[in-house]
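Enquirer: Input model_39.txt, format and content: compact mmCIF, C-alpha atoms.
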```txt
# COMPACT_ATOMS: atom_id res chain seq x y z
CA MET A 1 61.20 151.89 200.50
CA SER A 2 64.90 151.19 200.98
CA GLY A 3 65.68 154.82 201.79
CA ASN A 4 64.66 154.58 205.42
CA ILE A 5 65.81 151.06 206.26
CA THR A 6 66.97 150.69 209.84
CA GLY A 7 68.38 147.85 211.87
CA ILE A 8 70.70 146.57 209.15
CA GLU A 9 73.05 143.94 210.46
CA LYS A 10 75.74 141.68 209.05
CA LEU A 11 74.56 138.12 208.64
CA HIS A 12 77.13 135.34 208.36
CA ILE A 13 75.85 132.31 206.51
CA VAL A 14 77.33 129.01 207.59
CA GLY A 15 78.70 126.62 205.01
CA GLY A 16 81.33 128.62 203.16
CA ALA A 17 78.99 131.41 202.07
CA GLU A 18 80.08 135.03 202.29
CA ASP A 19 79.02 137.62 204.81
CA ARG A 20 75.98 139.38 203.45
CA THR A 21 74.28 142.54 204.55
CA ALA A 22 70.68 141.73 205.33
CA ILE A 23 67.66 143.60 206.57
CA THR A 24 66.92 141.05 209.25
CA ASN A 25 65.25 141.03 212.59
CA GLY A 26 65.25 138.23 215.14
CA ASN A 27 62.28 139.62 217.01
CA ALA A 28 59.90 136.67 217.21
CA ALA A 29 57.68 137.63 220.14
CA LYS A 30 58.98 135.98 223.27
CA ASN A 31 56.71 133.61 225.19
CA LYS A 32 54.25 133.34 222.29
CA PRO A 33 53.97 130.06 220.39
CA LEU A 34 55.91 130.48 217.15
CA VAL A 35 54.72 129.61 213.63
CA VAL A 36 57.68 129.24 211.24
CA CYS A 37 56.85 129.35 207.51
CA PHE A 38 59.27 127.90 204.94
CA GLY A 39 59.36 128.47 201.19
CA GLU A 40 59.08 131.11 198.51
CA LEU A 41 58.88 134.88 198.77
CA LEU A 42 58.58 136.74 195.48
CA ILE A 43 57.24 139.75 193.64
CA ASP A 44 53.80 139.43 192.01
CA PHE A 45 53.11 141.77 189.11
CA VAL A 46 49.36 142.30 188.87
CA PRO A 47 47.57 144.21 186.05
CA THR A 48 46.27 147.65 186.99
CA VAL A 49 42.90 146.66 185.50
CA GLY A 50 40.92 143.48 186.08
CA GLY A 51 39.54 140.90 183.67
CA VAL A 52 42.36 141.00 181.11
CA SER A 53 44.99 138.52 179.96
CA LEU A 54 48.65 139.23 180.69
CA ALA A 55 49.17 140.25 177.06
CA GLU A 56 46.26 142.72 177.21
CA ALA A 57 47.29 144.36 180.51
CA PRO A 58 48.15 148.06 180.00
CA ALA A 59 50.42 148.18 183.09
CA PHE A 60 51.36 146.18 186.18
CA LYS A 61 51.59 146.97 189.87
CA LYS A 62 54.14 145.11 192.01
CA ALA A 63 53.09 143.34 195.20
CA PRO A 64 54.81 140.97 197.63
CA GLY A 65 53.81 137.34 197.06
CA GLY A 66 54.56 133.75 197.96
CA ALA A 67 52.12 131.61 199.94
CA PRO A 68 54.36 130.73 202.93
CA ALA A 69 55.30 134.41 203.39
CA ASN A 70 51.62 135.41 203.19
CA VAL A 71 50.83 132.93 205.97
CA ALA A 72 53.64 134.33 208.15
CA VAL A 73 52.29 137.88 207.75
CA GLY A 74 48.74 136.62 208.33
CA VAL A 75 49.66 135.04 211.67
CA SER A 76 51.46 138.22 212.77
CA ARG A 77 48.52 140.41 211.68
CA LEU A 78 46.26 138.33 213.93
CA GLY A 79 48.53 139.02 216.91
CA GLY A 80 50.52 135.79 216.75
CA SER A 81 54.26 135.21 216.52
CA SER A 82 55.68 134.13 213.16
CA ALA A 83 58.94 133.75 211.26
CA PHE A 84 59.88 133.14 207.63
CA VAL A 85 62.68 130.95 206.27
CA GLY A 86 63.62 131.25 202.60
CA LYS A 87 65.87 132.90 200.04
CA VAL A 88 65.60 135.97 197.83
CA GLY A 89 68.05 137.71 195.53
CA ASP A 90 70.72 140.10 196.74
CA ASP A 91 68.81 142.80 194.83
CA GLU A 92 66.37 145.67 195.35
CA PHE A 93 63.32 143.40 195.29
CA GLY A 94 64.88 140.97 197.79
CA TYR A 95 65.64 143.72 200.30
CA MET A 96 62.20 145.25 199.76
CA LEU A 97 60.59 141.90 200.63
CA ALA A 98 62.77 141.46 203.73
CA ASP A 99 61.74 144.94 204.84
CA ILE A 100 58.03 144.22 204.25
CA LEU A 101 58.25 141.16 206.52
CA LYS A 102 60.05 143.23 209.15
CA GLN A 103 57.42 145.99 208.96
CA ASN A 104 54.75 143.32 209.53
CA ASN A 105 56.52 141.99 212.65
CA VAL A 106 57.59 138.73 211.02
CA ASP A 107 60.96 137.42 212.22
CA ASN A 108 63.01 137.32 209.00
CA SER A 109 66.31 136.18 210.53
CA GLY A 110 65.90 132.95 208.53
CA MET A 111 66.08 134.83 205.20
CA ARG A 112 69.11 134.44 202.96
CA PHE A 113 70.25 136.58 200.00
CA ASP A 114 71.70 135.06 196.82
CA ARG A 115 74.27 137.03 194.82
CA THR A 116 73.98 135.02 191.62
CA ALA A 117 70.21 134.52 191.23
CA ARG A 118 67.47 137.14 191.25
CA THR A 119 64.36 137.35 193.40
CA ALA A 120 61.55 135.36 191.74
CA LEU A 121 58.94 137.28 189.75
CA ALA A 122 55.41 136.16 188.87
CA PHE A 123 52.96 137.89 186.56
CA VAL A 124 49.44 137.05 187.72
CA THR A 125 46.08 138.06 186.29
CA LEU A 126 42.44 137.21 186.86
CA LYS A 127 40.88 136.89 183.41
CA ALA A 128 37.28 137.81 182.58
CA ASP A 129 36.22 134.16 182.94
CA GLY A 130 37.53 134.12 186.52
CA GLU A 131 40.55 131.93 185.74
CA ARG A 132 43.95 132.98 187.05
CA GLU A 133 46.83 133.13 184.58
CA PHE A 134 50.42 132.84 185.80
CA MET A 135 53.77 133.54 184.14
CA PHE A 136 56.83 132.87 186.29
CA PHE A 137 60.41 134.11 185.96
CA ARG A 138 62.53 131.53 187.80
CA HIS A 139 65.49 130.42 185.66
CA PRO A 140 66.58 129.80 188.38
CA SER A 141 65.38 132.27 191.00
CA ALA A 142 66.97 132.76 194.40
CA ASP A 143 64.29 130.82 196.33
CA MET A 144 65.28 127.65 194.43
CA ARG A 145 68.91 128.03 195.53
CA LEU A 146 68.50 127.77 199.31
CA HIS A 147 71.03 125.23 200.63
CA GLU A 148 70.65 123.05 203.70
CA SER A 149 73.82 124.67 205.12
CA GLU A 150 72.06 128.06 205.05
CA LEU A 151 69.14 127.03 207.28
CA ASN A 152 68.69 128.95 210.54
CA THR A 153 68.36 125.77 212.58
CA ASN A 154 67.93 127.56 215.91
CA LEU A 155 64.91 129.42 214.56
CA ILE A 156 63.36 126.25 213.11
CA LYS A 157 63.84 124.42 216.43
CA GLN A 158 61.74 127.09 218.17
CA ALA A 159 58.69 126.42 215.98
CA ASN A 160 55.51 125.21 217.64
CA ILE A 161 54.18 124.84 214.09
CA PHE A 162 56.37 124.47 211.00
CA HIS A 163 54.42 125.33 207.83
CA TYR A 164 55.39 124.76 204.17
CA GLY A 165 54.08 124.30 200.63
CA SER A 166 55.21 122.21 197.66
CA VAL A 167 56.87 124.81 195.38
CA SER A 168 60.07 124.38 197.42
CA LEU A 169 60.10 120.66 196.52
CA ILE A 170 60.45 121.21 192.76
CA GLU A 171 64.19 121.87 192.37
CA GLU A 172 67.46 121.14 194.14
CA PRO A 173 69.12 122.42 196.28
CA CYS A 174 65.93 123.87 197.81
CA LYS A 175 64.24 120.47 197.95
CA SER A 176 66.96 119.03 200.20
CA ALA A 177 66.87 122.16 202.37
CA HIS A 178 63.08 121.76 202.69
CA LEU A 179 63.32 118.10 203.73
CA ALA A 180 66.12 118.89 206.21
CA ALA A 181 64.09 121.74 207.74
CA MET A 182 61.06 119.45 208.15
CA ASN A 183 63.27 116.89 209.87
CA ILE A 184 64.75 119.48 212.27
CA ALA A 185 61.27 120.77 213.14
CA LYS A 186 59.82 117.27 213.65
CA LYS A 187 62.71 116.22 215.92
CA SER A 188 62.20 119.41 217.94
CA GLY A 189 58.55 118.54 218.59
CA SER A 190 56.96 120.93 216.06
CA MET A 191 53.62 120.19 214.43
CA LEU A 192 54.10 120.02 210.65
CA SER A 193 51.57 121.94 208.53
CA TYR A 194 51.29 121.46 204.75
CA ASP A 195 49.39 123.44 202.12
CA PRO A 196 50.40 121.93 198.75
CA ASN A 197 49.36 125.12 196.93
CA LEU A 198 49.60 123.49 193.50
CA ARG A 199 51.31 125.65 190.85
CA LEU A 200 51.30 123.27 187.89
CA PRO A 201 53.26 125.56 185.47
CA LEU A 202 56.30 125.35 187.76
CA TRP A 203 56.55 121.54 187.67
CA PRO A 204 58.16 119.60 184.80
CA SER A 205 54.93 117.63 184.28
CA PRO A 206 51.61 116.86 186.02
CA GLU A 207 53.01 113.44 187.00
CA ALA A 208 56.07 115.06 188.61
CA ALA A 209 53.78 117.46 190.50
CA ARG A 210 51.58 114.65 191.81
CA LYS A 211 54.57 112.55 192.86
CA GLY A 212 56.41 115.49 194.42
CA ILE A 213 53.42 116.75 196.40
CA MET A 214 52.57 113.28 197.70
CA SER A 215 56.21 112.46 198.59
CA ILE A 216 55.92 114.25 201.97
CA TRP A 217 52.18 113.76 202.49
CA ASP A 218 52.41 111.17 205.28
CA GLN A 219 54.85 113.25 207.36
CA SER A 220 52.45 116.13 207.97
CA ASP A 221 50.24 116.59 211.04
CA ILE A 222 47.94 119.17 209.42
CA ILE A 223 47.07 119.37 205.72
CA LYS A 224 44.95 121.98 203.98
CA VAL A 225 43.89 121.14 200.44
CA SER A 226 41.43 122.63 197.94
CA GLU A 227 38.74 120.81 195.95
CA ASP A 228 40.71 121.24 192.70
CA GLU A 229 43.84 119.83 194.35
CA ILE A 230 41.90 116.74 195.51
CA THR A 231 40.75 116.11 191.94
CA PHE A 232 44.32 116.53 190.68
CA LEU A 233 46.00 114.41 193.37
CA THR A 234 43.50 111.54 193.13
CA GLY A 235 43.57 111.42 189.33
CA GLY A 236 40.08 112.84 188.79
CA ASP A 237 38.07 111.51 191.72
CA ASP A 238 35.10 113.38 193.19
CA PRO A 239 36.45 115.93 195.73
CA TYR A 240 33.11 115.94 197.59
CA ASP A 241 33.17 112.21 198.30
CA ASP A 242 34.20 111.57 201.93
CA ASN A 243 35.30 108.05 201.03
CA VAL A 244 37.75 109.40 198.43
CA VAL A 245 39.21 111.84 200.96
CA MET A 246 39.52 109.28 203.76
CA LYS A 247 40.88 106.43 201.63
CA LYS A 248 43.25 108.33 199.38
CA LEU A 249 44.33 111.41 201.37
CA PHE A 250 43.90 110.76 205.09
CA HIS A 251 46.87 108.96 206.66
CA PRO A 252 47.46 107.42 210.13
CA ASN A 253 49.73 110.23 211.39
CA LEU A 254 47.36 113.01 210.35
CA LYS A 255 45.73 115.07 213.09
CA LEU A 256 43.63 117.26 210.79
CA LEU A 257 42.80 117.38 207.08
CA VAL A 258 40.91 120.46 205.91
CA VAL A 259 39.32 120.81 202.47
CA THR A 260 38.62 124.42 201.50
CA GLU A 261 35.62 125.17 199.28
CA GLY A 262 36.10 128.88 198.62
CA SER A 263 33.08 130.99 199.60
CA GLU A 264 31.19 127.82 200.64
CA GLY A 265 33.48 127.27 203.65
CA CYS A 266 35.43 124.12 204.47
CA ARG A 267 35.22 120.45 205.44
CA TYR A 268 37.31 118.88 208.19
CA TYR A 269 38.46 115.34 208.90
CA THR A 270 40.14 113.96 212.03
CA LYS A 271 40.51 110.41 213.32
CA ALA A 272 37.47 110.95 215.57
CA PHE A 273 35.07 113.15 213.59
CA LYS A 274 34.35 114.96 210.36
CA GLY A 275 32.05 117.78 209.32
CA ARG A 276 31.56 121.02 207.46
CA VAL A 277 31.76 124.68 208.49
CA PRO A 278 29.93 127.17 206.22
CA GLY A 279 31.65 130.20 204.75
CA ILE A 280 30.96 133.85 205.49
CA LYS A 281 29.39 135.69 202.56
CA VAL A 282 31.16 138.81 201.28
CA LYS A 283 31.42 140.69 198.00
CA PRO A 284 34.68 139.48 196.43
CA VAL A 285 37.13 141.91 194.87
CA ASP A 286 40.31 139.81 194.60
CA THR A 287 40.65 136.18 195.70
CA THR A 288 44.47 136.31 195.84
CA GLY A 289 45.70 135.15 199.24
CA ALA A 290 42.34 133.90 200.54
CA GLY A 291 43.67 130.38 201.11
CA ASP A 292 46.78 131.75 202.83
CA ALA A 293 44.61 133.92 205.10
CA PHE A 294 42.54 130.84 205.97
CA VAL A 295 45.70 128.91 206.86
CA SER A 296 47.07 131.76 208.98
CA GLY A 297 43.78 131.94 210.91
CA LEU A 298 43.78 128.19 211.55
CA LEU A 299 47.48 128.00 212.52
CA ASN A 300 47.20 131.01 214.83
CA SER A 301 44.41 129.18 216.72
CA LEU A 302 46.31 125.88 216.75
CA ALA A 303 49.54 127.49 217.97
CA SER A 304 47.85 128.60 221.17
CA ASP A 305 45.61 125.52 221.56
CA SER A 306 47.36 122.37 220.34
CA LYS A 307 44.56 120.10 221.65
CA LEU A 308 42.05 121.69 219.26
CA PHE A 309 41.85 118.45 217.24
CA GLN A 310 40.32 116.59 220.18
CA ASP A 311 37.36 118.93 220.75
CA GLU A 312 34.99 119.26 217.79
CA LYS A 313 33.27 122.40 219.14
CA ARG A 314 36.60 124.27 219.57
CA LEU A 315 37.80 123.01 216.18
CA ARG A 316 34.62 124.25 214.47
CA ASP A 317 35.04 127.67 216.13
CA ALA A 318 38.66 127.83 214.90
CA LEU A 319 37.59 126.88 211.36
CA LEU A 320 34.82 129.50 211.34
CA PHE A 321 37.47 132.04 212.43
CA ALA A 322 39.72 130.83 209.57
CA ASN A 323 36.81 131.10 207.10
CA ALA A 324 36.31 134.71 208.22
CA CYS A 325 40.02 135.43 207.66
CA GLY A 326 39.73 134.14 204.10
CA ALA A 327 36.48 136.02 203.45
CA LEU A 328 37.82 139.39 204.62
CA THR A 329 40.93 139.00 202.47
CA VAL A 330 38.93 138.80 199.23
CA THR A 331 37.22 142.15 199.92
CA GLU A 332 40.43 144.07 199.09
CA ARG A 333 43.14 143.87 196.43
CA GLY A 334 46.44 142.10 197.04
CA ALA A 335 47.27 139.37 199.55
CA ILE A 336 49.46 140.99 202.21
CA PRO A 337 47.68 144.40 202.30
CA SER A 338 44.28 142.71 202.78
CA LEU A 339 45.19 140.16 205.48
CA PRO A 340 42.90 140.97 208.44
CA THR A 341 43.56 141.86 212.07
CA LYS A 342 42.01 139.82 214.88
CA THR A 343 39.66 142.72 215.69
CA ALA A 344 38.39 142.81 212.09
CA VAL A 345 37.79 139.04 212.10
CA LEU A 346 35.91 139.11 215.42
CA ASP A 347 33.76 142.02 214.15
CA ALA A 348 32.92 140.04 211.01
CA LEU A 349 32.01 136.98 213.12
CA ASN A 350 29.76 139.08 215.36
CA LYS A 351 27.93 140.46 212.30
CA HIS A 352 27.70 136.94 210.88
CA SER A 353 26.15 135.52 214.07
CA ALA A 354 23.79 138.51 214.39
CA SER A 355 22.57 138.01 210.81
CA LYS A 356 21.66 134.39 211.58
CA LYS A 357 19.39 135.29 214.51
```
Would you put the structure from the file into structure tokens?
Expert:
Amino acid sequence: MSGNITGIEKLHIVGGAEDRTAITNGNAAKNKPLVVCFGELLIDFVPTVGGVSLAEAPAFKKAPGGAPANVAVGVSRLGGSSAFVGKVGDDEFGYMLADILKQNNVDNSGMRFDRTARTALAFVTLKADGEREFMFFRHPSADMRLHESELNTNLIKQANIFHYGSVSLIEEPCKSAHLAAMNIAKKSGSMLSYDPNLRLPLWPSPEAARKGIMSIWDQSDIIKVSEDEITFLTGGDDPYDDNVVMKKLFHPNLKLLVVTEGSEGCRYYTKAFKGRVPGIKVKPVDTTGAGDAFVSGLLNSLASDSKLFQDEKRLRDALLFANACGALTVTERGAIPSLPTKTAVLDALNKHSASKK
């Protein structure tokens, strides 16, 4: 992939860091509301056959991964404008990932390249019982070593929506860079979007994960959380109980809390109303990236209609669109290759509405 790289430019990183050659593009579509995604970008190694443990896998295929990067590509695939901020290694995998973002029209001018740490690797498999098994190589990996001084502040200030997860909160210096980026975005008038995306094996302990994830909870305008994450964050409470959600997870600054329920759809909570939007039935092949596709569908709608929270009909339409994004993604293998176009989503919604008549 690196043989035909074009548009290479020198990138000077502020804060005493060296000049580094980076495959970067600052081509966020002008005049379109921008979604900036912050966090990890890594290589997933996925078994070439399904239903086996990592130890049983005969071979692995590499694929780009990292939830915030998936969301950035998802928004772009839907015709929106997106950018990614994060760090990879100054290595073949790092440049490959930068190039993949560029090929997918994601502004990657916020990417940085670390000369002393490698691009993160994750071995991921879906076992026969349907459970995902993860093994991470981050000791440390480049994404953990992003410094506040390396942030592309001008890019972050342009964000209509600034989106992030919780993996970037686990270790310093990335944690401080994450908090600083949130602060820059908030002061610039961005909406803050949070998908905790719990990866328990990466945290020192379950208690540290719960504390870390909740430490920025009340700063976010939009939060997307899964049923399993509700159970974890509330210490075992019923994720289907509206009272649990409203008392323990909704906060005064929150504009929208969405609970995803996989193929069943999602629930939504605002200050004014709450409800449920059913899922779109498909035959699943690989659930990797479904939640990220859902988020990209929702954020793409919100970026162009920031008053969506105030109109339940428009919000429900946006959530049905997001459900369709998630559903289409599970019909193919891999996250980034299977993220849908707007045309594909609208076709699926037309078929869905026709089937209900």
Enquirer: Write out, as CSV, each residue of stretch 257-298 of chain A that has an atom at most 12 Å from stretch 340-343 of chain A, together with the closest pair of atoms and their distance in Å to one decimal, counting all atoms listed in the file, rows going by chain and rising number.
Expert:
```
residue,atom,partner,partner_atom,distance
A:Gly289,CA,A:Pro340,CA,11.2
A:Ala290,CA,A:Pro340,CA,10.6
A:Asp292,CA,A:Pro340,CA,11.5
A:Ala293,CA,A:Pro340,CA,8.0
A:Phe294,CA,A:Pro340,CA,10.4
A:Ser296,CA,A:Pro340,CA,10.1
A:Gly297,CA,A:Lys342,CA,9.0
```
Enquirer: Tell me which residues come within 8 Å of (63.8, 140.6, 202.8), as a list of chain:residue names, counting all atoms listed in the file in the file's coordinates.
Expert: A:Ala22, A:Ile23, A:Thr24, A:Val88, A:Gly94, A:Tyr95, A:Met96, A:Leu97, A:Ala98, A:Asp99, A:Ile100, A:Leu101, A:Lys102, A:Asn108, A:Met111
Enquirer: Just to be explicit: take each residue in the selection above, keep C-alpha atoms, and write the result as a compact mmCIF listing (two decimals), in the frame of the given file.
Expert:
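The result, written out as result08.txt:
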```txt
# COMPACT_ATOMS: atom_id res chain seq x y z
CA ALA A 22 70.68 141.73 205.33
CA ILE A 23 67.66 143.60 206.57
CA THR A 24 66.92 141.05 209.25
CA VAL A 88 65.60 135.97 197.83
CA GLY A 94 64.88 140.97 197.79
CA TYR A 95 65.64 143.72 200.30
CA MET A 96 62.20 145.25 199.76
CA LEU A 97 60.59 141.90 200.63
CA ALA A 98 62.77 141.46 203.73
CA ASP A 99 61.74 144.94 204.84
CA ILE A 100 58.03 144.22 204.25
CA LEU A 101 58.25 141.16 206.52
CA LYS A 102 60.05 143.23 209.15
CA ASN A 108 63.01 137.32 209.00
CA MET A 111 66.08 134.83 205.20
```
Enquirer: Please provide as a VMD selection string all residues within 12 Å of A:Phe38, with the sequence filter that same-chain residues fewer than 5 positions apart are discarded (counting only C-alpha atoms).
Expert: chain A and resid 66 to 72 82 to 87 108 110 to 112 143 146 151 to 152 155 to 156 159 161 to 169 174 to 175 177 to 182 185 192 to 195
Enquirer: Would you save the residues from that selection as a short mmCIF file (atom, residue, chain, number, x, y, z; two decimals), in the frame of the given file, using C-alpha atoms?
Expert:
```cif
data_model
loop_
_atom_site.label_atom_id
_atom_site.label_comp_id
_atom_site.auth_asym_id
_atom_site.auth_seq_id
_atom_site.Cartn_x
_atom_site.Cartn_y
_atom_site.Cartn_z
CA GLY A 66 54.56 133.75 197.96
CA ALA A 67 52.12 131.61 199.94
CA PRO A 68 54.36 130.73 202.93
CA ALA A 69 55.30 134.41 203.39
CA ASN A 70 51.62 135.41 203.19
CA VAL A 71 50.83 132.93 205.97
CA ALA A 72 53.64 134.33 208.15
CA SER A 82 55.68 134.13 213.16
CA ALA A 83 58.94 133.75 211.26
CA PHE A 84 59.88 133.14 207.63
CA VAL A 85 62.68 130.95 206.27
CA GLY A 86 63.62 131.25 202.60
CA LYS A 87 65.87 132.90 200.04
CA ASN A 108 63.01 137.32 209.00
CA GLY A 110 65.90 132.95 208.53
CA MET A 111 66.08 134.83 205.20
CA ARG A 112 69.11 134.44 202.96
CA ASP A 143 64.29 130.82 196.33
CA LEU A 146 68.50 127.77 199.31
CA LEU A 151 69.14 127.03 207.28
CA ASN A 152 68.69 128.95 210.54
CA LEU A 155 64.91 129.42 214.56
CA ILE A 156 63.36 126.25 213.11
CA ALA A 159 58.69 126.42 215.98
CA ILE A 161 54.18 124.84 214.09
CA PHE A 162 56.37 124.47 211.00
CA HIS A 163 54.42 125.33 207.83
CA TYR A 164 55.39 124.76 204.17
CA GLY A 165 54.08 124.30 200.63
CA SER A 166 55.21 122.21 197.66
CA VAL A 167 56.87 124.81 195.38
CA SER A 168 60.07 124.38 197.42
CA LEU A 169 60.10 120.66 196.52
CA CYS A 174 65.93 123.87 197.81
CA LYS A 175 64.24 120.47 197.95
CA ALA A 177 66.87 122.16 202.37
CA HIS A 178 63.08 121.76 202.69
CA LEU A 179 63.32 118.10 203.73
CA ALA A 180 66.12 118.89 206.21
CA ALA A 181 64.09 121.74 207.74
CA MET A 182 61.06 119.45 208.15
CA ALA A 185 61.27 120.77 213.14
CA LEU A 192 54.10 120.02 210.65
CA SER A 193 51.57 121.94 208.53
CA TYR A 194 51.29 121.46 204.75
CA ASP A 195 49.39 123.44 202.12
#
```
Enquirer: Counting only C-alpha atoms, what are the residues of stretch 205-228 of chain A within 6 Å of stretch 240-257 of chain A, and for each of them which pair of atoms is the nearest and at what distance in Å, to one decimal? Sort the table by chain and rising number, as JSON lines.
Expert:
```
{"residue": "A:Asp221", "atom": "CA", "partner": "A:Leu254", "partner_atom": "CA", "distance": 4.6}
{"residue": "A:Ile222", "atom": "CA", "partner": "A:Leu256", "partner_atom": "CA", "distance": 4.9}
{"residue": "A:Ile223", "atom": "CA", "partner": "A:Leu257", "partner_atom": "CA", "distance": 4.9}
{"residue": "A:Lys224", "atom": "CA", "partner": "A:Leu257", "partner_atom": "CA", "distance": 5.9}
```
Enquirer: So which residues touch stretch 205-208 of chain A within 9 Å, counting only C-alpha atoms, skipping near sequence neighbours fewer than 5 positions away, as a PDB file with C-alpha atoms, in the coordinates of the input?
Expert:
```pdb
ATOM      1  CA  ILE A 170      60.450 121.210 192.760  1.00  0.00           C
ATOM      2  CA  LEU A 200      51.300 123.270 187.890  1.00  0.00           C
ATOM      3  CA  ILE A 213      53.420 116.750 196.400  1.00  0.00           C
ATOM      4  CA  PHE A 232      44.320 116.530 190.680  1.00  0.00           C
TER       5      PHE A 232
END
```
Enquirer: Quote the spacing between atom CA of A:Ser301 and atom CA of A:Val259 in Å to one decimal place.
Expert: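 Separation between atom CA of A:Ser301 and atom CA of A:Val259: 17.3 Å.
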Enquirer: Please measure the separation of atom CA of A:Leu41 and atom CA of A:Thr119, giving the value in Å to one decimal.
Expert: 8.1 Å
Enquirer: For A:Gly65, which of A:Val225, A:Arg115, A:Val345, A:Phe123 is the closest residue, counting all atoms listed in the file?
Expert: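 Closest residue, counting all atoms listed in the file: A:Phe123.
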Enquirer: Which one is closest to A:Ser263: A:Gly279, A:Gly334, A:Gly89, A:Gly235? Count only C-alpha atoms.
Expert: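 Between A:Gly279, A:Gly334, A:Gly89, A:Gly235, the residue approaching A:Ser263 most closely is A:Gly279.
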Enquirer: Closest to A:Ala55 among A:Ala318, A:Val282, A:Ala209, A:Val124, using only C-alpha atoms?
Expert: A:Val124
Enquirer: Using only C-alpha atoms, find all polymer residues with an atom at most 12 Å away from the point (36.1, 128.1, 210.0); report them as a compact mmCIF listing (two decimals) with C-alpha atoms, in the frame of the given file.
Expert:
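Here's the written file part.txt:
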```txt
# COMPACT_ATOMS: atom_id res chain seq x y z
CA VAL A 258 40.91 120.46 205.91
CA VAL A 259 39.32 120.81 202.47
CA THR A 260 38.62 124.42 201.50
CA GLU A 261 35.62 125.17 199.28
CA GLY A 262 36.10 128.88 198.62
CA SER A 263 33.08 130.99 199.60
CA GLU A 264 31.19 127.82 200.64
CA GLY A 265 33.48 127.27 203.65
CA CYS A 266 35.43 124.12 204.47
CA ARG A 267 35.22 120.45 205.44
CA TYR A 268 37.31 118.88 208.19
CA GLY A 275 32.05 117.78 209.32
CA ARG A 276 31.56 121.02 207.46
CA VAL A 277 31.76 124.68 208.49
CA PRO A 278 29.93 127.17 206.22
CA GLY A 279 31.65 130.20 204.75
CA ILE A 280 30.96 133.85 205.49
CA GLY A 291 43.67 130.38 201.11
CA ALA A 293 44.61 133.92 205.10
CA PHE A 294 42.54 130.84 205.97
CA VAL A 295 45.70 128.91 206.86
CA SER A 296 47.07 131.76 208.98
CA GLY A 297 43.78 131.94 210.91
CA LEU A 298 43.78 128.19 211.55
CA LEU A 299 47.48 128.00 212.52
CA SER A 301 44.41 129.18 216.72
CA GLU A 312 34.99 119.26 217.79
CA LYS A 313 33.27 122.40 219.14
CA ARG A 314 36.60 124.27 219.57
CA LEU A 315 37.80 123.01 216.18
CA ARG A 316 34.62 124.25 214.47
CA ASP A 317 35.04 127.67 216.13
CA ALA A 318 38.66 127.83 214.90
CA LEU A 319 37.59 126.88 211.36
CA LEU A 320 34.82 129.50 211.34
CA PHE A 321 37.47 132.04 212.43
CA ALA A 322 39.72 130.83 209.57
CA ASN A 323 36.81 131.10 207.10
CA ALA A 324 36.31 134.71 208.22
CA CYS A 325 40.02 135.43 207.66
CA GLY A 326 39.73 134.14 204.10
CA ALA A 327 36.48 136.02 203.45
CA VAL A 345 37.79 139.04 212.10
CA LEU A 349 32.01 136.98 213.12
```
Enquirer: Which centre and edge lengths in Å to one decimal define the box along x, y and z that fits every listed atom of stretch 112-117 of chain A plus 4 Å per side, as JSON?
Expert:
```
{"center_x": 71.7, "center_y": 135.7, "center_z": 197.1, "size_x": 13.2, "size_y": 10.6, "size_z": 19.7}
```
Enquirer: Pick the closest to A:Ser304 from A:Leu42, A:Ile184, A:Ile336, A:Val35: which is it, counting all atoms listed in the file?
Expert: A:Val35
Enquirer: Go ahead and compute the interatomic distance for atom CA of A:Thr331 and atom CA of A:Asp286, in Å to one decimal.
Expert: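 Here the two named atoms are 6.6 Å from each other.
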Enquirer: Can you work out which one of A:Val46, A:Gly236, A:Glu40, A:Glu229 has the shortest atom-to-atom distance to A:Arg138, counting all atoms listed in the file?
Expert: A:Glu40
Enquirer: Taking only C-alpha atoms into account, name the residue in A:His139, A:Lys274, A:Lys32, A:Lys62 that is nearest to A:Thr48.
Expert: A:Lys62
